[in-house]
Amino acid sequence: MAKQTIVAAVKSGRVLVSDGAWGTFLQKKGMKPGECPELWNVEHAADVEDIGSNYIKAGADMIESDSFGGTSFKLKHFGLDGRVGEINEAAARISRKAAGSDKWVIASVGPTGQMLALGDVTEEQIYDSFKDQCAALAKGGADALCIETMSAIDEATLAVKAARKHTTCEVICTFTFEKNTKGEYRTMMGVSPADAARALVEAGAHVIGANCGNGMERMIEIVREMRAAAPQTPILVHANAGLPKSVNGVDTFPDSPADMAKLVSAIVKAGANIIGGCCGTTPAHIAAIRQAVDGLKK
Ligand SMILES: [Zn+2]
């Protein structure tokens, strides 16, 4: 595979397009509430592959994998913590097949759901959990690990370090921020975009960024803060399709593909290098972002 690294592609001046949501796509394919999404890699591989293929067809340069809840801590809720290796390897292999050899697989790694601050788990347990997941994703053919939806610096740092130490993959790590009443962006654990950026660079992440929690508009402000704190590091954004509105009790994401695409040039100006979607985004959103990226003036 004579493929560049993601970092090298960014350093060469390219703006890259990532993929959109997987969870809602799985639901559309028939996943029921209470099912383990990651088990679909084993039991419904063709459906999972189709999600990745749809994003590649939409023009994504990279796709994630169905492994967000693939740590032993998360799989334990389904009695599947003994199958971390099998499930994550399958997830990466499916995305690899969908991506072919010339697109990147950035395999998803979500939080463990454990809070070190509470003292219920040790750093070593968290580290080992990420190590096992990341090693399996690498074995399945991932080019990069996309550690995402992080809110605590201690957990994110352990994940980045485990990924760096136990794989040769590029390591991406993104945090999820919300705007507080003072108008500041903070994670659930009170971390600012600047603090997250500095901590991730220090921990050894190749790519930093933000995912979920915000639409493209607010992501522009978050990216600006991260860029100021980390002038050299590639920044990835996986934005939601706007801020959810409750329609008949169901969270609905209001931003259309065109709504998101029209902010692409502003977010690139703010410092983003890789742009994709999170909750509420579909292949149509990614296709619109692709078009906007291709239309950027150099
Ligand atoms: Zn999301």
# chains A, B, ... in the order shown; residues from 1 in each chain; ligands from 1

call {"tool": "residues_near_ligand", "arguments": {"ligand": "ligand 1", "cutoff": "8 Å", "atoms": "only C-alpha atoms and all ligand atoms", "output": "MDAnalysis selection string"}}
result
chainID A and resid 21 149 211:213 238:240 277:280

call {"tool": "write_last_selection", "arguments": {"atoms": "all heavy atoms", "output": "PDB file, in the first residue's frame"}}
result
ATOM      1  N   ALA A  21     -22.509   9.675  10.432  1.00  0.00           N
ATOM      2  CA  ALA A  21     -22.971   8.839  11.552  1.00  0.00           C
ATOM      3  C   ALA A  21     -23.093   7.360  11.165  1.00  0.00           C
ATOM      4  O   ALA A  21     -23.447   7.028  10.045  1.00  0.00           O
ATOM      5  CB  ALA A  21     -24.323   9.342  12.030  1.00  0.00           C
ATOM      6  N   THR A 149     -15.302  11.330  21.306  1.00  0.00           N
ATOM      7  CA  THR A 149     -16.315  11.620  22.341  1.00  0.00           C
ATOM      8  C   THR A 149     -15.700  11.628  23.734  1.00  0.00           C
ATOM      9  O   THR A 149     -16.334  11.251  24.721  1.00  0.00           O
ATOM     10  CB  THR A 149     -17.513  10.616  22.267  1.00  0.00           C
ATOM     11  OG1 THR A 149     -17.790  10.323  20.889  1.00  0.00           O
ATOM     12  CG2 THR A 149     -18.775  11.222  22.849  1.00  0.00           C
ATOM     13  N   ASN A 211     -15.685  16.181  18.211  1.00  0.00           N
ATOM     14  CA  ASN A 211     -16.797  15.473  17.565  1.00  0.00           C
ATOM     15  C   ASN A 211     -18.049  15.610  18.411  1.00  0.00           C
ATOM     16  O   ASN A 211     -17.988  15.789  19.625  1.00  0.00           O
ATOM     17  CB  ASN A 211     -16.466  13.989  17.361  1.00  0.00           C
ATOM     18  CG  ASN A 211     -16.551  13.185  18.654  1.00  0.00           C
ATOM     19  OD1 ASN A 211     -15.719  13.368  19.549  1.00  0.00           O
ATOM     20  ND2 ASN A 211     -17.521  12.314  18.768  1.00  0.00           N
ATOM     21  N   CYS A 212     -19.184  15.502  17.747  1.00  0.00           N
ATOM     22  CA  CYS A 212     -20.487  15.452  18.402  1.00  0.00           C
ATOM     23  C   CYS A 212     -20.766  16.723  19.229  1.00  0.00           C
ATOM     24  O   CYS A 212     -19.945  17.626  19.303  1.00  0.00           O
ATOM     25  CB  CYS A 212     -20.576  14.208  19.289  1.00  0.00           C
ATOM     26  SG  CYS A 212     -22.255  13.575  19.468  1.00  0.00           S
ATOM     27  N   GLY A 213     -21.964  16.782  19.795  1.00  0.00           N
ATOM     28  CA  GLY A 213     -22.304  17.871  20.714  1.00  0.00           C
ATOM     29  C   GLY A 213     -22.661  19.189  20.053  1.00  0.00           C
ATOM     30  O   GLY A 213     -23.403  19.978  20.631  1.00  0.00           O
ATOM     31  N   HIS A 238     -15.824  16.194  13.507  1.00  0.00           N
ATOM     32  CA  HIS A 238     -17.016  15.414  13.156  1.00  0.00           C
ATOM     33  C   HIS A 238     -18.202  16.147  13.789  1.00  0.00           C
ATOM     34  O   HIS A 238     -18.490  15.977  14.976  1.00  0.00           O
ATOM     35  CB  HIS A 238     -16.937  13.984  13.714  1.00  0.00           C
ATOM     36  CG  HIS A 238     -16.029  13.059  12.949  1.00  0.00           C
ATOM     37  ND1 HIS A 238     -15.210  12.137  13.559  1.00  0.00           N
ATOM     38  CD2 HIS A 238     -15.817  12.909  11.619  1.00  0.00           C
ATOM     39  CE1 HIS A 238     -14.540  11.454  12.630  1.00  0.00           C
ATOM     40  NE2 HIS A 238     -14.892  11.905  11.444  1.00  0.00           N
ATOM     41  N   ALA A 239     -18.866  16.994  12.997  1.00  0.00           N
ATOM     42  CA  ALA A 239     -19.942  17.855  13.519  1.00  0.00           C
ATOM     43  C   ALA A 239     -21.292  17.169  13.398  1.00  0.00           C
ATOM     44  O   ALA A 239     -21.547  16.440  12.442  1.00  0.00           O
ATOM     45  CB  ALA A 239     -19.964  19.173  12.747  1.00  0.00           C
ATOM     46  N   ASN A 240     -22.161  17.440  14.360  1.00  0.00           N
ATOM     47  CA  ASN A 240     -23.538  16.965  14.237  1.00  0.00           C
ATOM     48  C   ASN A 240     -24.270  17.777  13.171  1.00  0.00           C
ATOM     49  O   ASN A 240     -23.840  18.881  12.803  1.00  0.00           O
ATOM     50  CB  ASN A 240     -24.275  17.111  15.570  1.00  0.00           C
ATOM     51  CG  ASN A 240     -23.816  16.087  16.601  1.00  0.00           C
ATOM     52  OD1 ASN A 240     -23.056  15.169  16.281  1.00  0.00           O
ATOM     53  ND2 ASN A 240     -24.272  16.256  17.822  1.00  0.00           N
ATOM     54  N   GLY A 277     -18.897  14.152   9.671  1.00  0.00           N
ATOM     55  CA  GLY A 277     -20.105  14.352  10.458  1.00  0.00           C
ATOM     56  C   GLY A 277     -20.223  13.405  11.626  1.00  0.00           C
ATOM     57  O   GLY A 277     -19.575  12.370  11.681  1.00  0.00           O
ATOM     58  N   CYS A 278     -21.084  13.790  12.575  1.00  0.00           N
ATOM     59  CA  CYS A 278     -21.419  12.905  13.687  1.00  0.00           C
ATOM     60  C   CYS A 278     -22.947  12.740  13.667  1.00  0.00           C
ATOM     61  O   CYS A 278     -23.522  12.593  12.585  1.00  0.00           O
ATOM     62  CB  CYS A 278     -20.868  13.464  14.997  1.00  0.00           C
ATOM     63  SG  CYS A 278     -20.722  12.230  16.316  1.00  0.00           S
ATOM     64  N   CYS A 279     -23.589  12.810  14.820  1.00  0.00           N
ATOM     65  CA  CYS A 279     -25.010  12.488  14.902  1.00  0.00           C
ATOM     66  C   CYS A 279     -25.865  13.269  13.895  1.00  0.00           C
ATOM     67  O   CYS A 279     -25.695  14.479  13.740  1.00  0.00           O
ATOM     68  CB  CYS A 279     -25.530  12.765  16.304  1.00  0.00           C
ATOM     69  SG  CYS A 279     -24.678  11.787  17.553  1.00  0.00           S
ATOM     70  N   GLY A 280     -26.769  12.559  13.257  1.00  0.00           N
ATOM     71  CA  GLY A 280     -27.701  13.195  12.337  1.00  0.00           C
ATOM     72  C   GLY A 280     -27.171  13.360  10.922  1.00  0.00           C
ATOM     73  O   GLY A 280     -27.897  13.813  10.043  1.00  0.00           O
TER      74      GLY A 280
END

call {"tool": "select_by_dssp", "arguments": {"residues": "range 17-172 of chain A", "states": "strand (DSSP E or B)", "output": "PyMOL selection string"}}
result
chain A and resi 17+62-63+104-109+144-150+170-172

call {"tool": "select_by_dssp", "arguments": {"residues": "range 106-261 of chain A", "states": "helix (DSSP H, G or I)", "output": "number ranges by chain"}}
result
A: 116-118, 123-139, 153-166, 193-203, 216-229, 257-261

call {"tool": "closest_residue", "arguments": {"among": "A:Trp40, A:Glu170, A:Ile286, A:Thr176", "to": "Ser18 in chain A", "atoms": "only C-alpha atoms"}}
result
A:Ile286

call {"tool": "closest_residue", "arguments": {"among": "A:Gly249, A:Gly110, A:Gly119, A:Gly85", "to": "Val160 in chain A", "atoms": "only C-alpha atoms"}}
result
A:Gly110

call {"tool": "residues_around", "arguments": {"residues": "Asp102 in chain A", "least_positions_apart": "2", "cutoff": "10 Å", "atoms": "only C-alpha atoms", "output": "ChimeraX atom specification"}}
result
/A:1-4,61-62,96,99-100,104-105
